[in-house]
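As provided, entry.pdb (PDB, C-alpha atoms and all ligand atoms) reads as follows.
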```pdb
ATOM      1  CA  MET A  24      -3.422 -10.394  16.374  1.00  0.00           C
ATOM      2  CA  PHE A  25       0.228 -10.537  15.377  1.00  0.00           C
ATOM      3  CA  GLY A  26       2.423 -11.495  18.310  1.00  0.00           C
ATOM      4  CA  GLU A  27      -0.338 -13.256  20.117  1.00  0.00           C
ATOM      5  CA  ALA A  28       0.472 -16.898  20.656  1.00  0.00           C
ATOM      6  CA  ARG A  29      -2.401 -19.125  19.764  1.00  0.00           C
ATOM      7  CA  GLY A  30      -2.951 -22.816  19.343  1.00  0.00           C
ATOM      8  CA  SER A  31      -1.146 -24.772  16.698  1.00  0.00           C
ATOM      9  CA  ARG A  32      -4.216 -24.961  14.477  1.00  0.00           C
ATOM     10  CA  GLY A  33      -6.113 -22.228  12.741  1.00  0.00           C
ATOM     11  CA  GLY A  34      -3.922 -19.234  13.527  1.00  0.00           C
ATOM     12  CA  PRO A  35      -0.450 -17.779  13.621  1.00  0.00           C
ATOM     13  CA  GLU A  36       1.901 -18.634  16.457  1.00  0.00           C
ATOM     14  CA  ARG A  37       4.996 -16.543  17.046  1.00  0.00           C
ATOM     15  CA  ARG A  38       8.266 -18.252  17.880  1.00  0.00           C
ATOM     16  CA  ALA A  39      11.498 -16.299  18.236  1.00  0.00           C
ATOM     17  CA  GLY A  40      10.518 -13.671  15.711  1.00  0.00           C
ATOM     18  CA  ARG A  41       8.856 -16.000  13.261  1.00  0.00           C
ATOM     19  CA  THR A  42       5.237 -16.671  12.571  1.00  0.00           C
ATOM     20  CA  VAL A  43       4.537 -20.317  12.019  1.00  0.00           C
ATOM     21  CA  SER A  44       1.057 -20.945  10.800  1.00  0.00           C
ATOM     22  CA  VAL A  45      -0.468 -24.378  10.563  1.00  0.00           C
ATOM     23  CA  ASP A  46      -3.762 -24.537   8.760  1.00  0.00           C
ATOM     24  CA  ASP A  47      -5.265 -27.699   7.301  1.00  0.00           C
ATOM     25  CA  GLY A  48      -1.835 -29.257   6.993  1.00  0.00           C
ATOM     26  CA  ARG A  49      -0.293 -26.262   5.242  1.00  0.00           C
ATOM     27  CA  VAL A  50       2.622 -24.755   7.074  1.00  0.00           C
ATOM     28  CA  SER A  51       3.930 -21.316   6.224  1.00  0.00           C
ATOM     29  CA  LEU A  52       6.949 -19.638   7.748  1.00  0.00           C
ATOM     30  CA  ILE A  53       7.109 -15.862   7.864  1.00  0.00           C
ATOM     31  CA  ASP A  54      10.438 -14.538   9.099  1.00  0.00           C
ATOM     32  CA  LEU A  55      10.729 -10.765   9.469  1.00  0.00           C
ATOM     33  CA  HIS A  56      14.400 -11.083  10.462  1.00  0.00           C
ATOM     34  CA  ARG A  57      16.206  -9.255  13.262  1.00  0.00           C
ATOM     35  CA  PRO A  58      19.308  -7.540  11.910  1.00  0.00           C
ATOM     36  CA  ILE A  59      21.218  -5.702  14.617  1.00  0.00           C
ATOM     37  CA  SER A  60      23.854  -3.964  12.525  1.00  0.00           C
ATOM     38  CA  GLY A  61      24.799  -3.093   8.968  1.00  0.00           C
ATOM     39  CA  ASP A  62      24.810  -0.260   6.466  1.00  0.00           C
ATOM     40  CA  VAL A  63      21.449   1.477   6.770  1.00  0.00           C
ATOM     41  CA  ILE A  64      20.973   1.337   2.992  1.00  0.00           C
ATOM     42  CA  ASP A  65      21.444  -2.436   2.963  1.00  0.00           C
ATOM     43  CA  LEU A  66      19.037  -2.872   5.890  1.00  0.00           C
ATOM     44  CA  ILE A  67      16.354  -0.751   4.227  1.00  0.00           C
ATOM     45  CA  LEU A  68      16.779  -2.605   0.924  1.00  0.00           C
ATOM     46  CA  ALA A  69      16.507  -5.945   2.728  1.00  0.00           C
ATOM     47  CA  ASP A  70      13.135  -4.843   4.085  1.00  0.00           C
ATOM     48  CA  HIS A  71      12.077  -3.708   0.612  1.00  0.00           C
ATOM     49  CA  TYR A  72      12.840  -7.204  -0.738  1.00  0.00           C
ATOM     50  CA  LEU A  73      10.793  -8.573   2.160  1.00  0.00           C
ATOM     51  CA  PHE A  74       7.819  -6.318   1.297  1.00  0.00           C
ATOM     52  CA  GLU A  75       7.954  -7.537  -2.297  1.00  0.00           C
ATOM     53  CA  ASP A  76       8.183 -11.154  -1.194  1.00  0.00           C
ATOM     54  CA  LEU A  77       5.232 -10.798   1.195  1.00  0.00           C
ATOM     55  CA  LEU A  78       3.130  -9.115  -1.517  1.00  0.00           C
ATOM     56  CA  ARG A  79       3.945 -11.930  -3.929  1.00  0.00           C
ATOM     57  CA  ARG A  80       2.970 -14.536  -1.345  1.00  0.00           C
ATOM     58  CA  LEU A  81      -0.222 -12.602  -0.540  1.00  0.00           C
ATOM     59  CA  ARG A  82      -1.287 -13.045  -4.170  1.00  0.00           C
ATOM     60  CA  ASN A  83      -1.132 -16.816  -3.769  1.00  0.00           C
ATOM     61  CA  THR A  84      -4.403 -18.331  -2.547  1.00  0.00           C
ATOM     62  CA  ALA A  85      -2.523 -21.479  -1.435  1.00  0.00           C
ATOM     63  CA  GLU A  86      -0.691 -19.401   1.191  1.00  0.00           C
ATOM     64  CA  ASP A  87      -1.933 -18.421   4.645  1.00  0.00           C
ATOM     65  CA  ARG A  88      -2.964 -14.935   3.578  1.00  0.00           C
ATOM     66  CA  ASP A  89      -4.248 -13.959   7.003  1.00  0.00           C
ATOM     67  CA  ALA A  90      -0.874 -14.621   8.653  1.00  0.00           C
ATOM     68  CA  LEU A  91       0.875 -12.891   5.749  1.00  0.00           C
ATOM     69  CA  ARG A  92      -1.202  -9.719   6.025  1.00  0.00           C
ATOM     70  CA  GLN A  93      -0.532  -9.581   9.763  1.00  0.00           C
ATOM     71  CA  ALA A  94       3.206  -9.908   9.119  1.00  0.00           C
ATOM     72  CA  PHE A  95       3.063  -7.273   6.366  1.00  0.00           C
ATOM     73  CA  MET A  96       1.301  -4.853   8.726  1.00  0.00           C
ATOM     74  CA  THR A  97       3.910  -5.342  11.439  1.00  0.00           C
ATOM     75  CA  LEU A  98       6.815  -4.841   9.043  1.00  0.00           C
ATOM     76  CA  HIS A  99       5.208  -1.845   7.319  1.00  0.00           C
ATOM     77  CA  VAL A 100       4.597   0.024  10.575  1.00  0.00           C
ATOM     78  CA  ALA A 101       8.041  -0.855  11.984  1.00  0.00           C
ATOM     79  CA  HIS A 102       9.943   0.009   8.800  1.00  0.00           C
ATOM     80  CA  ALA A 103       8.139   3.295   8.111  1.00  0.00           C
ATOM     81  CA  SER A 104       8.358   4.409  11.729  1.00  0.00           C
ATOM     82  CA  ALA A 105      12.100   3.681  11.954  1.00  0.00           C
ATOM     83  CA  GLU A 106      12.730   5.500   8.670  1.00  0.00           C
ATOM     84  CA  GLU A 107      10.790   8.547   9.837  1.00  0.00           C
ATOM     85  CA  SER A 108      12.243   8.774  13.333  1.00  0.00           C
ATOM     86  CA  VAL A 109      15.852   7.731  12.656  1.00  0.00           C
ATOM     87  CA  VAL A 110      16.840   7.744   8.996  1.00  0.00           C
ATOM     88  CA  LEU A 111      15.079  10.579   7.182  1.00  0.00           C
ATOM     89  CA  PRO A 112      15.993  13.346   9.674  1.00  0.00           C
ATOM     90  CA  ALA A 113      19.661  12.261   9.625  1.00  0.00           C
ATOM     91  CA  LEU A 114      19.784  12.134   5.823  1.00  0.00           C
ATOM     92  CA  ARG A 115      18.023  15.481   5.611  1.00  0.00           C
ATOM     93  CA  SER A 116      20.877  17.079   7.558  1.00  0.00           C
ATOM     94  CA  ARG A 117      23.751  15.147   5.913  1.00  0.00           C
ATOM     95  CA  ALA A 118      22.802  14.498   2.282  1.00  0.00           C
ATOM     96  CA  LYS A 119      22.196  17.712   0.360  1.00  0.00           C
ATOM     97  CA  SER A 120      20.101  15.884  -2.245  1.00  0.00           C
ATOM     98  CA  VAL A 121      17.685  14.653   0.428  1.00  0.00           C
ATOM     99  CA  THR A 122      15.635  17.794   0.912  1.00  0.00           C
ATOM    100  CA  GLU A 123      12.687  18.639   3.123  1.00  0.00           C
ATOM    101  CA  HIS A 124      10.525  17.806   0.108  1.00  0.00           C
ATOM    102  CA  GLU A 125      11.857  14.220  -0.024  1.00  0.00           C
ATOM    103  CA  VAL A 126      11.299  13.794   3.724  1.00  0.00           C
ATOM    104  CA  GLU A 127       7.724  15.116   3.632  1.00  0.00           C
ATOM    105  CA  HIS A 128       6.908  13.169   0.484  1.00  0.00           C
ATOM    106  CA  GLY A 129       8.216   9.991   2.092  1.00  0.00           C
ATOM    107  CA  GLU A 130       5.965  10.534   5.109  1.00  0.00           C
ATOM    108  CA  GLU A 131       2.973  11.105   2.831  1.00  0.00           C
ATOM    109  CA  GLU A 132       3.669   7.875   0.954  1.00  0.00           C
ATOM    110  CA  HIS A 133       4.055   5.950   4.207  1.00  0.00           C
ATOM    111  CA  ALA A 134       0.638   7.290   5.229  1.00  0.00           C
ATOM    112  CA  GLU A 135      -0.852   6.233   1.886  1.00  0.00           C
ATOM    113  CA  GLY A 136       0.635   2.765   2.386  1.00  0.00           C
ATOM    114  CA  HIS A 137      -0.821   2.543   5.888  1.00  0.00           C
ATOM    115  CA  GLU A 138      -4.244   3.606   4.578  1.00  0.00           C
ATOM    116  CA  ALA A 139      -4.202   1.012   1.767  1.00  0.00           C
ATOM    117  CA  LEU A 140      -3.001  -1.589   4.253  1.00  0.00           C
ATOM    118  CA  LEU A 141      -5.830  -0.761   6.671  1.00  0.00           C
ATOM    119  CA  ALA A 142      -8.314  -1.548   3.888  1.00  0.00           C
ATOM    120  CA  VAL A 143      -6.680  -4.988   3.516  1.00  0.00           C
ATOM    121  CA  MET A 144      -6.685  -5.611   7.272  1.00  0.00           C
ATOM    122  CA  GLU A 145     -10.313  -4.604   7.813  1.00  0.00           C
ATOM    123  CA  LEU A 146     -11.701  -7.157   5.368  1.00  0.00           C
ATOM    124  CA  LYS A 147     -13.209 -10.120   7.118  1.00  0.00           C
ATOM    125  CA  GLY A 148     -11.982 -12.853   4.817  1.00  0.00           C
ATOM    126  CA  THR A 149      -9.053 -13.228   2.455  1.00  0.00           C
ATOM    127  CA  GLY A 150     -10.700 -15.264  -0.299  1.00  0.00           C
ATOM    128  CA  THR A 151     -12.882 -12.577  -1.842  1.00  0.00           C
ATOM    129  CA  GLN A 152     -12.757 -10.222  -4.810  1.00  0.00           C
ATOM    130  CA  ALA A 153     -12.718  -7.348  -2.327  1.00  0.00           C
ATOM    131  CA  PHE A 154      -9.517  -8.752  -0.815  1.00  0.00           C
ATOM    132  CA  ASP A 155      -7.885  -9.072  -4.236  1.00  0.00           C
ATOM    133  CA  ASP A 156      -8.879  -5.484  -5.096  1.00  0.00           C
ATOM    134  CA  ALA A 157      -7.519  -4.132  -1.799  1.00  0.00           C
ATOM    135  CA  LEU A 158      -4.316  -6.137  -2.246  1.00  0.00           C
ATOM    136  CA  GLU A 159      -3.856  -4.747  -5.738  1.00  0.00           C
ATOM    137  CA  GLU A 160      -4.217  -1.194  -4.437  1.00  0.00           C
ATOM    138  CA  LEU A 161      -1.772  -1.893  -1.583  1.00  0.00           C
ATOM    139  CA  SER A 162       0.735  -3.341  -4.057  1.00  0.00           C
ATOM    140  CA  THR A 163       0.454  -0.301  -6.319  1.00  0.00           C
ATOM    141  CA  VAL A 164       0.982   2.171  -3.471  1.00  0.00           C
ATOM    142  CA  VAL A 165       3.830   0.276  -1.792  1.00  0.00           C
ATOM    143  CA  ASN A 166       5.693  -0.560  -5.006  1.00  0.00           C
ATOM    144  CA  HIS A 167       5.520   3.076  -6.075  1.00  0.00           C
ATOM    145  CA  HIS A 168       7.026   4.141  -2.760  1.00  0.00           C
ATOM    146  CA  LEU A 169       9.823   1.558  -2.840  1.00  0.00           C
ATOM    147  CA  VAL A 170      10.899   2.670  -6.319  1.00  0.00           C
ATOM    148  CA  GLU A 171      10.799   6.347  -5.442  1.00  0.00           C
ATOM    149  CA  GLU A 172      12.615   5.946  -2.125  1.00  0.00           C
ATOM    150  CA  GLU A 173      15.384   3.877  -3.691  1.00  0.00           C
ATOM    151  CA  LEU A 174      15.843   6.426  -6.503  1.00  0.00           C
ATOM    152  CA  THR A 175      15.520   9.694  -4.586  1.00  0.00           C
ATOM    153  CA  VAL A 176      16.673   8.862  -1.041  1.00  0.00           C
ATOM    154  CA  LEU A 177      18.861   5.755  -0.986  1.00  0.00           C
ATOM    155  CA  ASN A 178      20.943   6.637  -4.045  1.00  0.00           C
ATOM    156  CA  PRO A 179      21.867  10.118  -2.739  1.00  0.00           C
ATOM    157  CA  ALA A 180      22.517   8.642   0.711  1.00  0.00           C
ATOM    158  CA  ARG A 181      24.954   6.153  -0.814  1.00  0.00           C
ATOM    159  CA  ASP A 182      26.772   8.959  -2.621  1.00  0.00           C
ATOM    160  CA  GLU A 183      26.708  11.647   0.028  1.00  0.00           C
ATOM    161  CA  VAL A 184      26.866   9.938   3.447  1.00  0.00           C
ATOM    162  CA  GLY A 185      30.014   8.143   4.591  1.00  0.00           C
ATOM    163  CA  PRO A 186      30.156   4.456   5.520  1.00  0.00           C
ATOM    164  CA  VAL A 187      30.739   5.028   9.241  1.00  0.00           C
ATOM    165  CA  LYS A 188      27.645   7.205   9.561  1.00  0.00           C
ATOM    166  CA  ARG A 189      25.638   4.755   7.444  1.00  0.00           C
ATOM    167  CA  ARG A 190      26.558   1.960   9.854  1.00  0.00           C
ATOM    168  CA  ASP A 191      25.636   4.135  12.862  1.00  0.00           C
ATOM    169  CA  LEU A 192      22.277   4.827  11.235  1.00  0.00           C
ATOM    170  CA  GLY A 193      21.895   1.136  10.448  1.00  0.00           C
ATOM    171  CA  ALA A 194      22.191   0.165  14.099  1.00  0.00           C
ATOM    172  CA  ALA A 195      19.722   2.874  15.165  1.00  0.00           C
ATOM    173  CA  PHE A 196      17.280   1.894  12.416  1.00  0.00           C
ATOM    174  CA  ALA A 197      17.484  -1.794  13.366  1.00  0.00           C
ATOM    175  CA  THR A 198      16.960  -1.071  17.069  1.00  0.00           C
ATOM    176  CA  GLU A 199      13.810   0.983  16.428  1.00  0.00           C
ATOM    177  CA  ARG A 200      12.469  -1.429  13.807  1.00  0.00           C
ATOM    178  CA  ASN A 201      13.054  -4.554  15.881  1.00  0.00           C
ATOM    179  CA  ALA A 202      11.483  -3.036  19.001  1.00  0.00           C
ATOM    180  CA  ILE A 203       8.239  -2.386  17.135  1.00  0.00           C
ATOM    181  CA  ILE A 204       8.249  -5.864  15.593  1.00  0.00           C
ATOM    182  CA  ASP A 205       8.886  -7.465  18.981  1.00  0.00           C
ATOM    183  CA  ALA A 206       6.056  -5.463  20.587  1.00  0.00           C
ATOM    184  CA  GLY A 207       3.703  -6.418  17.748  1.00  0.00           C
ATOM    185  CA  VAL A 208       1.285  -4.203  15.835  1.00  0.00           C
ATOM    186  CA  THR A 209      -2.499  -4.415  16.032  1.00  0.00           C
ATOM    187  CA  VAL A 210      -5.151  -3.273  13.567  1.00  0.00           C
ATOM    188  CA  GLU A 211      -6.309  -0.800  16.221  1.00  0.00           C
ATOM    189  CA  GLN A 212      -2.842   0.749  16.268  1.00  0.00           C
ATOM    190  CA  LEU A 213      -2.793   0.935  12.472  1.00  0.00           C
ATOM    191  CA  ARG A 214      -6.213   2.595  12.506  1.00  0.00           C
ATOM    192  CA  ALA A 215      -4.903   5.204  14.969  1.00  0.00           C
ATOM    193  CA  ILE A 216      -1.823   5.830  12.794  1.00  0.00           C
ATOM    194  CA  VAL A 217      -4.044   6.426   9.740  1.00  0.00           C
ATOM    195  CA  ALA A 218      -6.333   8.746  11.725  1.00  0.00           C
ATOM    196  CA  GLY A 219      -3.300  10.700  12.936  1.00  0.00           C
ATOM    197  CA  ALA A 220      -1.946  11.011   9.400  1.00  0.00           C
ATOM    198  CA  LYS A 221      -5.325  12.313   8.207  1.00  0.00           C
ATOM    199  CA  SER A 222      -5.412  14.959  10.907  1.00  0.00           C
ATOM    200  CA  GLU A 223      -1.857  16.020  10.000  1.00  0.00           C
ATOM    201  CA  GLY A 224      -2.914  16.486   6.366  1.00  0.00           C
ATOM    202  CA  LEU A 225      -0.625  13.706   5.105  1.00  0.00           C
ATOM    203  CA  LEU A 226      -3.495  12.076   3.229  1.00  0.00           C
ATOM    204  CA  ASP A 227      -4.819  15.143   1.438  1.00  0.00           C
ATOM    205  CA  GLU A 228      -5.805  14.457  -2.176  1.00  0.00           C
ATOM    206  CA  GLU A 229      -3.157  16.670  -3.698  1.00  0.00           C
ATOM    207  CA  GLY A 230      -0.582  15.413  -1.155  1.00  0.00           C
TER     208      GLY A 230
HETATM  209 FE    FE A 301      11.802   2.045   2.938  1.00  0.00          FE
HETATM  210 FE    FE A 302       9.838   4.508   3.144  1.00  0.00          FE
END
```
Reformat the file's structure so that it appears as structure tokens.
Amino acid sequence: MFGEARGSRGGPERRAGRTVSVDDGRVSLIDLHRPISGDVIDLILADHYLFEDLLRRLRNTAEDRDALRQAFMTLHVAHASAEESVVLPALRSRAKSVTEHEVEHGEEEHAEGHEALLAVMELKGTGTQAFDDALEELSTVVNHHLVEEELTVLNPARDEVGPVKRRDLGAAFATERNAIIDAGVTVEQLRAIVAGAKSEGLLDEEG
């Protein structure tokens, strides 16, 4: 479980916001960062780079893929939740190009990402064809969302929301995001999030 300190061998150990994993002499460092201020667009983009980096590392069988998937889950839940509770409602009311459609579509794509991520988390091992297939699906869903969000939400926000408000939103986004990361995210919590999204109709086929 992410956030649960364990021994120095065979599992992730969290130190000051970092997961240090020592496994058969391999050491991997996963730093999810703790920004406390900044332009909300820059903070969101920094997380998007982090998602891409974690996905790239997850493809590498020499990496500690179990620690990486735990870190990805924590960041994905924290980032999506902070966007939905803090950023998207504010942009909806301040950026005329960010419509209700963009907000709802973003929530649907977060739900699709959570669902694809749950499939990765529920696999027992990380060295199987099933893991590679689930990782490929997760990468497809998440990369699609990052591209779309940057084109249809972040670009209008940059053009239509002033720098002072963007910094205010950045601080609020960081506070929400960091709180979830510090609390840690479990597979059980992710499963409940996916079940909730299903019952809200966010995962309907034609969504
Ligand atoms: Fe995002
Ligand atoms: Fe998003």
Check which residues of chain A sit at most 9 Å from ligand FE 302 (chain A) using all atoms listed in the file, and return one row each with the closest pair of atoms and their distance in Å to one decimal, ordered by chain and rising number, as a tab-separated table.
```
residue	atom	partner	partner_atom	distance
A:Ile67	CA	A:FE302	FE	8.4
A:His71	CA	A:FE302	FE	8.9
A:His99	CA	A:FE302	FE	8.9
A:His102	CA	A:FE302	FE	7.2
A:Ala103	CA	A:FE302	FE	5.4
A:Ser104	CA	A:FE302	FE	8.7
A:Glu106	CA	A:FE302	FE	6.3
A:Glu107	CA	A:FE302	FE	7.9
A:Leu111	CA	A:FE302	FE	9.0
A:Gly129	CA	A:FE302	FE	5.8
A:Glu130	CA	A:FE302	FE	7.4
A:Glu132	CA	A:FE302	FE	7.4
A:His133	CA	A:FE302	FE	6.1
A:Val165	CA	A:FE302	FE	8.9
A:His168	CA	A:FE302	FE	6.5
A:Leu169	CA	A:FE302	FE	6.7
A:Glu171	CA	A:FE302	FE	8.8
A:Glu172	CA	A:FE302	FE	6.1
A:Glu173	CA	A:FE302	FE	8.8
```
Exercise for review: For Thr122 (chain A), work out the shell of residues within 10 Å, counting only C-alpha atoms and skipping chain neighbours fewer than 5 positions away, then give it as a list in words.
Suggested key: Leu111, Pro112, Leu114, Arg115, Ser116, Arg117, Glu127, His128, Thr175 and Val176 of chain A
Check your understanding: So how many Å separate CA of Ala90 (chain A) and CA of His56 (chain A), to one decimal?
Key ->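 Separating CA of Ala90 (chain A) from CA of His56 (chain A) is a distance of 15.8 Å.
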Check your understanding: Leaving out Val110 (chain A) and any residue of its chain fewer than 5 positions from it, which residues lie within 8 Å of it when counting all atoms listed in the file, given as a list of chain:residue names?
Key ->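 That gives A:Ala105, A:Leu192, A:Phe196.
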Take every atom of region 196-207 of chain A listed in the file, pad by 6 Å on each side, and give me the axis-aligned box centre and edge lengths in Å, one decimal, as JSON.
```
{"center_x": 10.6, "center_y": -2.8, "center_z": 16.5, "size_x": 25.8, "size_y": 21.4, "size_z": 20.2}
```
Practice item. For the file shown, report as an NGL selection string the outcome of the PyMOL selection byres (((chain A and resi 63-65) around 10) and not hetatm) at residue level. Key: :A and (60-62 or 66-71 or 106 or 110 or 173 or 176-178 or 180-181 or 186 or 188-197)
Check your understanding: Could you state the separation of CA of Ile59 (chain A) and CA of Ile203 (chain A) in Å, given to one decimal place?
Key ->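 Rounded to one decimal, the two atoms are 13.6 Å apart.
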Kindly reconstruct region 162-188 of chain A with N, CA and C atoms and present the result as a PDB file, keeping the file's coordinate frame.
```
ATOM      1  N   SER A 162      -0.478  -3.053  -3.274  1.00  0.00           N
ATOM      2  CA  SER A 162       0.735  -3.341  -4.057  1.00  0.00           C
ATOM      3  C   SER A 162       1.146  -2.134  -4.886  1.00  0.00           C
ATOM      4  N   THR A 163       0.162  -1.476  -5.494  1.00  0.00           N
ATOM      5  CA  THR A 163       0.454  -0.301  -6.319  1.00  0.00           C
ATOM      6  C   THR A 163       1.098   0.804  -5.486  1.00  0.00           C
ATOM      7  N   VAL A 164       0.497   1.078  -4.325  1.00  0.00           N
ATOM      8  CA  VAL A 164       0.982   2.171  -3.471  1.00  0.00           C
ATOM      9  C   VAL A 164       2.372   1.849  -2.912  1.00  0.00           C
ATOM     10  N   VAL A 165       2.546   0.632  -2.416  1.00  0.00           N
ATOM     11  CA  VAL A 165       3.830   0.276  -1.792  1.00  0.00           C
ATOM     12  C   VAL A 165       4.936   0.188  -2.845  1.00  0.00           C
ATOM     13  N   ASN A 166       4.651  -0.449  -3.976  1.00  0.00           N
ATOM     14  CA  ASN A 166       5.693  -0.560  -5.006  1.00  0.00           C
ATOM     15  C   ASN A 166       6.121   0.813  -5.503  1.00  0.00           C
ATOM     16  N   HIS A 167       5.172   1.713  -5.665  1.00  0.00           N
ATOM     17  CA  HIS A 167       5.520   3.076  -6.075  1.00  0.00           C
ATOM     18  C   HIS A 167       6.481   3.711  -5.073  1.00  0.00           C
ATOM     19  N   HIS A 168       6.181   3.527  -3.786  1.00  0.00           N
ATOM     20  CA  HIS A 168       7.026   4.141  -2.760  1.00  0.00           C
ATOM     21  C   HIS A 168       8.434   3.517  -2.734  1.00  0.00           C
ATOM     22  N   LEU A 169       8.506   2.212  -2.874  1.00  0.00           N
ATOM     23  CA  LEU A 169       9.823   1.558  -2.840  1.00  0.00           C
ATOM     24  C   LEU A 169      10.706   2.080  -3.972  1.00  0.00           C
ATOM     25  N   VAL A 170      10.129   2.177  -5.162  1.00  0.00           N
ATOM     26  CA  VAL A 170      10.899   2.670  -6.319  1.00  0.00           C
ATOM     27  C   VAL A 170      11.372   4.092  -6.057  1.00  0.00           C
ATOM     28  N   GLU A 171      10.458   4.940  -5.621  1.00  0.00           N
ATOM     29  CA  GLU A 171      10.799   6.347  -5.442  1.00  0.00           C
ATOM     30  C   GLU A 171      11.834   6.535  -4.336  1.00  0.00           C
ATOM     31  N   GLU A 172      11.665   5.807  -3.236  1.00  0.00           N
ATOM     32  CA  GLU A 172      12.615   5.946  -2.125  1.00  0.00           C
ATOM     33  C   GLU A 172      14.011   5.471  -2.527  1.00  0.00           C
ATOM     34  N   GLU A 173      14.068   4.380  -3.283  1.00  0.00           N
ATOM     35  CA  GLU A 173      15.384   3.877  -3.691  1.00  0.00           C
ATOM     36  C   GLU A 173      16.067   4.851  -4.654  1.00  0.00           C
ATOM     37  N   LEU A 174      15.258   5.499  -5.536  1.00  0.00           N
ATOM     38  CA  LEU A 174      15.843   6.426  -6.503  1.00  0.00           C
ATOM     39  C   LEU A 174      16.200   7.779  -5.895  1.00  0.00           C
ATOM     40  N   THR A 175      15.339   8.305  -5.018  1.00  0.00           N
ATOM     41  CA  THR A 175      15.520   9.694  -4.586  1.00  0.00           C
ATOM     42  C   THR A 175      16.093   9.845  -3.179  1.00  0.00           C
ATOM     43  N   VAL A 176      16.133   8.773  -2.405  1.00  0.00           N
ATOM     44  CA  VAL A 176      16.673   8.862  -1.041  1.00  0.00           C
ATOM     45  C   VAL A 176      17.891   7.945  -0.865  1.00  0.00           C
ATOM     46  N   LEU A 177      17.750   6.680  -1.245  1.00  0.00           N
ATOM     47  CA  LEU A 177      18.861   5.755  -0.986  1.00  0.00           C
ATOM     48  C   LEU A 177      20.058   6.023  -1.899  1.00  0.00           C
ATOM     49  N   ASN A 178      19.806   6.346  -3.162  1.00  0.00           N
ATOM     50  CA  ASN A 178      20.943   6.637  -4.045  1.00  0.00           C
ATOM     51  C   ASN A 178      21.739   7.854  -3.579  1.00  0.00           C
ATOM     52  N   PRO A 179      21.099   8.991  -3.275  1.00  0.00           N
ATOM     53  CA  PRO A 179      21.867  10.118  -2.739  1.00  0.00           C
ATOM     54  C   PRO A 179      22.554   9.783  -1.412  1.00  0.00           C
ATOM     55  N   ALA A 180      21.897   9.000  -0.571  1.00  0.00           N
ATOM     56  CA  ALA A 180      22.517   8.642   0.711  1.00  0.00           C
ATOM     57  C   ALA A 180      23.790   7.841   0.477  1.00  0.00           C
ATOM     58  N   ARG A 181      23.770   6.968  -0.504  1.00  0.00           N
ATOM     59  CA  ARG A 181      24.954   6.153  -0.814  1.00  0.00           C
ATOM     60  C   ARG A 181      26.099   7.039  -1.287  1.00  0.00           C
ATOM     61  N   ASP A 182      25.744   8.086  -2.048  1.00  0.00           N
ATOM     62  CA  ASP A 182      26.772   8.959  -2.621  1.00  0.00           C
ATOM     63  C   ASP A 182      27.259  10.011  -1.645  1.00  0.00           C
ATOM     64  N   GLU A 183      26.397  10.441  -0.739  1.00  0.00           N
ATOM     65  CA  GLU A 183      26.708  11.647   0.028  1.00  0.00           C
ATOM     66  C   GLU A 183      26.916  11.423   1.523  1.00  0.00           C
ATOM     67  N   VAL A 184      26.668  10.218   2.014  1.00  0.00           N
ATOM     68  CA  VAL A 184      26.866   9.938   3.447  1.00  0.00           C
ATOM     69  C   VAL A 184      27.930   8.853   3.573  1.00  0.00           C
ATOM     70  N   GLY A 185      28.887   9.071   4.462  1.00  0.00           N
ATOM     71  CA  GLY A 185      30.014   8.143   4.591  1.00  0.00           C
ATOM     72  C   GLY A 185      29.617   6.816   5.226  1.00  0.00           C
ATOM     73  N   PRO A 186      30.478   5.807   5.044  1.00  0.00           N
ATOM     74  CA  PRO A 186      30.156   4.456   5.520  1.00  0.00           C
ATOM     75  C   PRO A 186      30.038   4.341   7.037  1.00  0.00           C
ATOM     76  N   VAL A 187      30.826   5.121   7.775  1.00  0.00           N
ATOM     77  CA  VAL A 187      30.739   5.028   9.241  1.00  0.00           C
ATOM     78  C   VAL A 187      29.376   5.522   9.710  1.00  0.00           C
ATOM     79  N   LYS A 188      28.954   6.665   9.175  1.00  0.00           N
ATOM     80  CA  LYS A 188      27.645   7.205   9.561  1.00  0.00           C
ATOM     81  C   LYS A 188      26.527   6.268   9.106  1.00  0.00           C
TER      82      LYS A 188
END
```
